[in-house]
Amino acid sequence: MKVRYKNLWIRDAEIADAAKLCQWWNDGKLMKYLGFPNGLGKSVEEIEDKIENYTDEKVGSYSLSIKVN
């Protein structure tokens, strides 16, 4: 999926996103707002596997970007 509205982009997560997602998902300060004050404890490999093998079209991992000039 790719969606663009002005300078906002939403797309399916890609393998290249796994390291950054791992950093965010394991950050308790960030994830506490989602109920995970200690982070998710996921490895880059687990996240890569999740991205590669996700089959549910209604829910998935996405990347949100704001393009600036």
# chains A, B, ... in the order shown; residues from 1 in each chain; ligands from 1
>>> residues_around(residues="A:Glu45", least_positions_apart="5", cutoff="10 Å", atoms="only C-alpha atoms", output="number ranges by chain")
A: 15, 18-19, 22, 50-51
>>> write_last_selection(atoms="C-alpha atoms", output="PDB file, in the first residue's frame")
ATOM      1  CA  ILE A  15      12.899  -4.977   5.308  1.00  0.00           C
ATOM      2  CA  ALA A  18      13.389  -3.288  10.417  1.00  0.00           C
ATOM      3  CA  ALA A  19      16.373  -1.796  12.277  1.00  0.00           C
ATOM      4  CA  CYS A  22      13.379  -2.468  16.295  1.00  0.00           C
ATOM      5  CA  LYS A  50       7.103 -10.318  10.507  1.00  0.00           C
ATOM      6  CA  ILE A  51       7.424  -7.878   7.588  1.00  0.00           C
TER       7      ILE A  51
END
>>> residues_around(residues="A:Gln23", least_positions_apart="6", cutoff="12 Å", atoms="only C-alpha atoms", output="PDB file with all heavy atoms, in the first residue's frame")
ATOM      1  N   ASP A  17      13.321  -1.121   6.828  1.00  0.00           N
ATOM      2  CA  ASP A  17      12.785  -0.399   7.980  1.00  0.00           C
ATOM      3  C   ASP A  17      12.979  -1.155   9.297  1.00  0.00           C
ATOM      4  O   ASP A  17      12.770  -0.597  10.370  1.00  0.00           O
ATOM      5  CB  ASP A  17      11.276  -0.146   7.807  1.00  0.00           C
ATOM      6  CG  ASP A  17      10.943   0.664   6.576  1.00  0.00           C
ATOM      7  OD1 ASP A  17      11.677   1.636   6.285  1.00  0.00           O
ATOM      8  OD2 ASP A  17       9.944   0.344   5.902  1.00  0.00           O
ATOM      9  N   LYS A  29      10.383   4.163  26.738  1.00  0.00           N
ATOM     10  CA  LYS A  29       9.850   5.528  26.848  1.00  0.00           C
ATOM     11  C   LYS A  29       8.839   5.817  25.745  1.00  0.00           C
ATOM     12  O   LYS A  29       7.864   6.525  25.969  1.00  0.00           O
ATOM     13  CB  LYS A  29      10.984   6.554  26.802  1.00  0.00           C
ATOM     14  CG  LYS A  29      11.816   6.590  28.062  1.00  0.00           C
ATOM     15  CD  LYS A  29      12.762   7.768  28.048  1.00  0.00           C
ATOM     16  CE  LYS A  29      14.120   7.311  27.619  1.00  0.00           C
ATOM     17  NZ  LYS A  29      15.133   8.359  27.586  1.00  0.00           N
ATOM     18  N   LEU A  30       9.056   5.266  24.589  1.00  0.00           N
ATOM     19  CA  LEU A  30       8.127   5.442  23.477  1.00  0.00           C
ATOM     20  C   LEU A  30       6.942   4.480  23.582  1.00  0.00           C
ATOM     21  O   LEU A  30       5.788   4.876  23.436  1.00  0.00           O
ATOM     22  CB  LEU A  30       8.866   5.216  22.147  1.00  0.00           C
ATOM     23  CG  LEU A  30       8.052   5.288  20.880  1.00  0.00           C
ATOM     24  CD1 LEU A  30       7.538   6.701  20.655  1.00  0.00           C
ATOM     25  CD2 LEU A  30       8.887   4.836  19.700  1.00  0.00           C
ATOM     26  N   MET A  31       7.209   3.228  23.864  1.00  0.00           N
ATOM     27  CA  MET A  31       6.179   2.190  23.842  1.00  0.00           C
ATOM     28  C   MET A  31       5.289   2.180  25.081  1.00  0.00           C
ATOM     29  O   MET A  31       4.247   1.529  25.076  1.00  0.00           O
ATOM     30  CB  MET A  31       6.830   0.824  23.650  1.00  0.00           C
ATOM     31  CG  MET A  31       7.490   0.654  22.294  1.00  0.00           C
ATOM     32  SD  MET A  31       6.361   0.855  20.900  1.00  0.00           S
ATOM     33  CE  MET A  31       5.380  -0.618  21.067  1.00  0.00           C
ATOM     34  N   GLY A  39       9.242  -1.852  26.481  1.00  0.00           N
ATOM     35  CA  GLY A  39       9.423  -2.150  25.066  1.00  0.00           C
ATOM     36  C   GLY A  39       8.900  -3.537  24.746  1.00  0.00           C
ATOM     37  O   GLY A  39       8.326  -4.220  25.592  1.00  0.00           O
ATOM     38  N   LEU A  40       9.075  -3.949  23.512  1.00  0.00           N
ATOM     39  CA  LEU A  40       8.558  -5.245  23.073  1.00  0.00           C
ATOM     40  C   LEU A  40       9.587  -6.371  23.143  1.00  0.00           C
ATOM     41  O   LEU A  40       9.229  -7.537  23.073  1.00  0.00           O
ATOM     42  CB  LEU A  40       8.027  -5.147  21.638  1.00  0.00           C
ATOM     43  CG  LEU A  40       6.807  -4.250  21.449  1.00  0.00           C
ATOM     44  CD1 LEU A  40       6.440  -4.164  19.972  1.00  0.00           C
ATOM     45  CD2 LEU A  40       5.630  -4.769  22.244  1.00  0.00           C
ATOM     46  N   GLY A  41      10.856  -6.024  23.246  1.00  0.00           N
ATOM     47  CA  GLY A  41      11.886  -7.057  23.325  1.00  0.00           C
ATOM     48  C   GLY A  41      12.033  -7.855  22.038  1.00  0.00           C
ATOM     49  O   GLY A  41      12.309  -9.046  22.077  1.00  0.00           O
ATOM     50  N   LYS A  42      11.837  -7.222  20.893  1.00  0.00           N
ATOM     51  CA  LYS A  42      11.938  -7.894  19.592  1.00  0.00           C
ATOM     52  C   LYS A  42      13.316  -7.661  18.977  1.00  0.00           C
ATOM     53  O   LYS A  42      13.909  -6.608  19.135  1.00  0.00           O
ATOM     54  CB  LYS A  42      10.876  -7.365  18.625  1.00  0.00           C
ATOM     55  CG  LYS A  42       9.454  -7.580  19.076  1.00  0.00           C
ATOM     56  CD  LYS A  42       9.100  -9.040  19.027  1.00  0.00           C
ATOM     57  CE  LYS A  42       7.649  -9.251  19.437  1.00  0.00           C
ATOM     58  NZ  LYS A  42       7.285 -10.644  19.414  1.00  0.00           N
ATOM     59  N   SER A  43      13.785  -8.651  18.241  1.00  0.00           N
ATOM     60  CA  SER A  43      15.058  -8.515  17.524  1.00  0.00           C
ATOM     61  C   SER A  43      14.789  -8.021  16.108  1.00  0.00           C
ATOM     62  O   SER A  43      13.662  -8.116  15.599  1.00  0.00           O
ATOM     63  CB  SER A  43      15.779  -9.863  17.462  1.00  0.00           C
ATOM     64  OG  SER A  43      15.080 -10.757  16.613  1.00  0.00           O
ATOM     65  N   VAL A  44      15.821  -7.532  15.463  1.00  0.00           N
ATOM     66  CA  VAL A  44      15.699  -7.102  14.064  1.00  0.00           C
ATOM     67  C   VAL A  44      15.225  -8.277  13.208  1.00  0.00           C
ATOM     68  O   VAL A  44      14.355  -8.126  12.349  1.00  0.00           O
ATOM     69  CB  VAL A  44      17.037  -6.535  13.531  1.00  0.00           C
ATOM     70  CG1 VAL A  44      16.964  -6.262  12.045  1.00  0.00           C
ATOM     71  CG2 VAL A  44      17.424  -5.271  14.283  1.00  0.00           C
ATOM     72  N   ILE A  47      11.498  -8.879  13.493  1.00  0.00           N
ATOM     73  CA  ILE A  47      10.744  -7.853  12.790  1.00  0.00           C
ATOM     74  C   ILE A  47      10.844  -8.068  11.279  1.00  0.00           C
ATOM     75  O   ILE A  47       9.842  -7.954  10.562  1.00  0.00           O
ATOM     76  CB  ILE A  47      11.209  -6.447  13.212  1.00  0.00           C
ATOM     77  CG1 ILE A  47      10.886  -6.244  14.699  1.00  0.00           C
ATOM     78  CG2 ILE A  47      10.555  -5.368  12.361  1.00  0.00           C
ATOM     79  CD1 ILE A  47      11.510  -5.024  15.326  1.00  0.00           C
TER      80      ILE A  47
END
>>> atom_distance(atom1="atom CA of A:Glu14", atom2="atom CA of A:Glu52")
8.0 Å
>>> atom_distance(atom1="atom CA of A:Trp24", atom2="atom CA of A:Pro37")
12.1 Å
>>> residues_around(residues="A:Ile66", least_positions_apart="3", cutoff="12 Å", atoms="only C-alpha atoms", output="VMD selection string")
chain A and resid 3 to 11 63 69
>>> closest_residue(among="A:Asn38, A:Glu48, A:Met1, A:Asn53", to="A:Lys20", atoms="only C-alpha atoms")
A:Glu48
>>> decode(residues="stretch 5-21 of chain A", atoms="all heavy atoms", output="mmCIF file, in the first residue's frame")
data_model
loop_
_atom_site.group_PDB
_atom_site.id
_atom_site.type_symbol
_atom_site.label_atom_id
_atom_site.label_comp_id
_atom_site.auth_asym_id
_atom_site.auth_seq_id
_atom_site.Cartn_x
_atom_site.Cartn_y
_atom_site.Cartn_z
ATOM 1 N N TYR A 5 -0.715 12.129 0.662
ATOM 2 C CA TYR A 5 -1.547 13.321 0.767
ATOM 3 C C TYR A 5 -0.615 14.490 1.024
ATOM 4 O O TYR A 5 0.013 14.570 2.085
ATOM 5 C CB TYR A 5 -2.575 13.197 1.890
ATOM 6 C CG TYR A 5 -3.392 14.454 2.058
ATOM 7 C CD1 TYR A 5 -4.377 14.782 1.132
ATOM 8 C CD2 TYR A 5 -3.154 15.312 3.113
ATOM 9 C CE1 TYR A 5 -5.108 15.951 1.275
ATOM 10 C CE2 TYR A 5 -3.885 16.482 3.266
ATOM 11 C CZ TYR A 5 -4.860 16.797 2.335
ATOM 12 O OH TYR A 5 -5.587 17.943 2.466
ATOM 13 N N LYS A 6 -0.480 15.356 0.050
ATOM 14 C CA LYS A 6 0.446 16.483 0.119
ATOM 15 C C LYS A 6 1.842 15.962 0.440
ATOM 16 O O LYS A 6 2.388 15.186 -0.326
ATOM 17 C CB LYS A 6 -0.042 17.547 1.073
ATOM 18 C CG LYS A 6 -1.363 18.171 0.628
ATOM 19 C CD LYS A 6 -1.793 19.293 1.510
ATOM 20 C CE LYS A 6 -3.139 19.833 1.014
ATOM 21 N NZ LYS A 6 -3.597 20.937 1.798
ATOM 22 N N ASN A 7 2.426 16.337 1.577
ATOM 23 C CA ASN A 7 3.782 15.883 1.888
ATOM 24 C C ASN A 7 3.803 14.718 2.889
ATOM 25 O O ASN A 7 4.835 14.374 3.425
ATOM 26 C CB ASN A 7 4.636 17.040 2.412
ATOM 27 C CG ASN A 7 4.147 17.591 3.727
ATOM 28 O OD1 ASN A 7 2.977 17.430 4.073
ATOM 29 N ND2 ASN A 7 5.009 18.249 4.462
ATOM 30 N N LEU A 8 2.659 14.087 3.126
ATOM 31 C CA LEU A 8 2.552 12.950 4.042
ATOM 32 C C LEU A 8 2.457 11.663 3.231
ATOM 33 O O LEU A 8 1.637 11.556 2.325
ATOM 34 C CB LEU A 8 1.315 13.113 4.923
ATOM 35 C CG LEU A 8 1.023 12.010 5.906
ATOM 36 C CD1 LEU A 8 2.112 11.956 6.974
ATOM 37 C CD2 LEU A 8 -0.328 12.234 6.543
ATOM 38 N N TRP A 9 3.311 10.687 3.551
ATOM 39 C CA TRP A 9 3.348 9.412 2.860
ATOM 40 C C TRP A 9 3.127 8.280 3.854
ATOM 41 O O TRP A 9 3.719 8.269 4.926
ATOM 42 C CB TRP A 9 4.702 9.191 2.196
ATOM 43 C CG TRP A 9 5.021 10.130 1.087
ATOM 44 C CD1 TRP A 9 5.398 11.438 1.210
ATOM 45 C CD2 TRP A 9 4.997 9.858 -0.295
ATOM 46 N NE1 TRP A 9 5.617 11.982 -0.017
ATOM 47 C CE2 TRP A 9 5.380 11.030 -0.963
ATOM 48 C CE3 TRP A 9 4.698 8.720 -1.042
ATOM 49 C CZ2 TRP A 9 5.457 11.100 -2.344
ATOM 50 C CZ3 TRP A 9 4.793 8.792 -2.416
ATOM 51 C CH2 TRP A 9 5.158 9.979 -3.053
ATOM 52 N N ILE A 10 2.295 7.316 3.483
ATOM 53 C CA ILE A 10 2.114 6.085 4.257
ATOM 54 C C ILE A 10 2.371 4.939 3.287
ATOM 55 O O ILE A 10 1.836 4.921 2.188
ATOM 56 C CB ILE A 10 0.696 5.968 4.843
ATOM 57 C CG1 ILE A 10 0.387 7.155 5.747
ATOM 58 C CG2 ILE A 10 0.543 4.646 5.596
ATOM 59 C CD1 ILE A 10 -1.054 7.213 6.222
ATOM 60 N N ARG A 11 3.210 4.000 3.710
ATOM 61 C CA ARG A 11 3.523 2.854 2.855
ATOM 62 C C ARG A 11 3.729 1.620 3.721
ATOM 63 O O ARG A 11 3.944 1.720 4.928
ATOM 64 C CB ARG A 11 4.761 3.124 2.016
ATOM 65 C CG ARG A 11 6.011 3.307 2.848
ATOM 66 C CD ARG A 11 7.260 3.286 1.997
ATOM 67 N NE ARG A 11 8.439 3.635 2.759
ATOM 68 C CZ ARG A 11 9.066 2.827 3.620
ATOM 69 N NH1 ARG A 11 8.620 1.609 3.840
ATOM 70 N NH2 ARG A 11 10.146 3.238 4.265
ATOM 71 N N ASP A 12 3.658 0.469 3.086
ATOM 72 C CA ASP A 12 3.964 -0.771 3.787
ATOM 73 C C ASP A 12 5.405 -0.722 4.281
ATOM 74 O O ASP A 12 6.287 -0.197 3.600
ATOM 75 C CB ASP A 12 3.803 -1.977 2.853
ATOM 76 C CG ASP A 12 2.364 -2.220 2.457
ATOM 77 O OD1 ASP A 12 1.493 -2.187 3.335
ATOM 78 O OD2 ASP A 12 2.118 -2.445 1.260
ATOM 79 N N ALA A 13 5.629 -1.274 5.459
ATOM 80 C CA ALA A 13 6.992 -1.378 5.974
ATOM 81 C C ALA A 13 7.786 -2.322 5.078
ATOM 82 O O ALA A 13 7.244 -3.271 4.505
ATOM 83 C CB ALA A 13 6.979 -1.892 7.407
ATOM 84 N N GLU A 14 9.074 -2.040 4.959
ATOM 85 C CA GLU A 14 9.977 -2.851 4.155
ATOM 86 C C GLU A 14 11.097 -3.382 5.041
ATOM 87 O O GLU A 14 11.332 -2.870 6.139
ATOM 88 C CB GLU A 14 10.570 -1.995 3.030
ATOM 89 C CG GLU A 14 9.522 -1.411 2.108
ATOM 90 C CD GLU A 14 10.074 -0.366 1.155
ATOM 91 O OE1 GLU A 14 11.247 0.054 1.322
ATOM 92 O OE2 GLU A 14 9.325 0.041 0.248
ATOM 93 N N ILE A 15 11.787 -4.391 4.555
ATOM 94 C CA ILE A 15 12.899 -4.977 5.308
ATOM 95 C C ILE A 15 13.883 -3.900 5.745
ATOM 96 O O ILE A 15 14.407 -3.935 6.858
ATOM 97 C CB ILE A 15 13.608 -6.070 4.477
ATOM 98 C CG1 ILE A 15 12.653 -7.233 4.212
ATOM 99 C CG2 ILE A 15 14.876 -6.553 5.170
ATOM 100 C CD1 ILE A 15 12.145 -7.931 5.448
ATOM 101 N N ALA A 16 14.116 -2.915 4.906
ATOM 102 C CA ALA A 16 15.053 -1.837 5.236
ATOM 103 C C ALA A 16 14.593 -1.021 6.451
ATOM 104 O O ALA A 16 15.398 -0.330 7.069
ATOM 105 C CB ALA A 16 15.241 -0.912 4.032
ATOM 106 N N ASP A 17 13.321 -1.121 6.828
ATOM 107 C CA ASP A 17 12.785 -0.399 7.980
ATOM 108 C C ASP A 17 12.979 -1.155 9.297
ATOM 109 O O ASP A 17 12.770 -0.597 10.370
ATOM 110 C CB ASP A 17 11.276 -0.146 7.807
ATOM 111 C CG ASP A 17 10.943 0.664 6.576
ATOM 112 O OD1 ASP A 17 11.677 1.636 6.285
ATOM 113 O OD2 ASP A 17 9.944 0.344 5.902
ATOM 114 N N ALA A 18 13.366 -2.417 9.236
ATOM 115 C CA ALA A 18 13.389 -3.288 10.417
ATOM 116 C C ALA A 18 14.285 -2.764 11.539
ATOM 117 O O ALA A 18 13.894 -2.804 12.709
ATOM 118 C CB ALA A 18 13.795 -4.709 10.032
ATOM 119 N N ALA A 19 15.459 -2.272 11.223
ATOM 120 C CA ALA A 19 16.373 -1.796 12.277
ATOM 121 C C ALA A 19 15.775 -0.602 13.014
ATOM 122 O O ALA A 19 15.852 -0.527 14.245
ATOM 123 C CB ALA A 19 17.732 -1.434 11.683
ATOM 124 N N LYS A 20 15.173 0.337 12.298
ATOM 125 C CA LYS A 20 14.568 1.508 12.941
ATOM 126 C C LYS A 20 13.327 1.090 13.740
ATOM 127 O O LYS A 20 13.127 1.541 14.870
ATOM 128 C CB LYS A 20 14.205 2.555 11.888
ATOM 129 C CG LYS A 20 13.610 3.837 12.452
ATOM 130 C CD LYS A 20 14.471 4.519 13.508
ATOM 131 C CE LYS A 20 15.647 5.225 12.934
ATOM 132 N NZ LYS A 20 16.435 5.948 13.956
ATOM 133 N N LEU A 21 12.499 0.201 13.193
ATOM 134 C CA LEU A 21 11.338 -0.290 13.934
ATOM 135 C C LEU A 21 11.776 -0.997 15.212
ATOM 136 O O LEU A 21 11.159 -0.824 16.269
ATOM 137 C CB LEU A 21 10.510 -1.237 13.068
ATOM 138 C CG LEU A 21 9.710 -0.586 11.946
ATOM 139 C CD1 LEU A 21 9.124 -1.651 11.023
ATOM 140 C CD2 LEU A 21 8.613 0.298 12.502
#
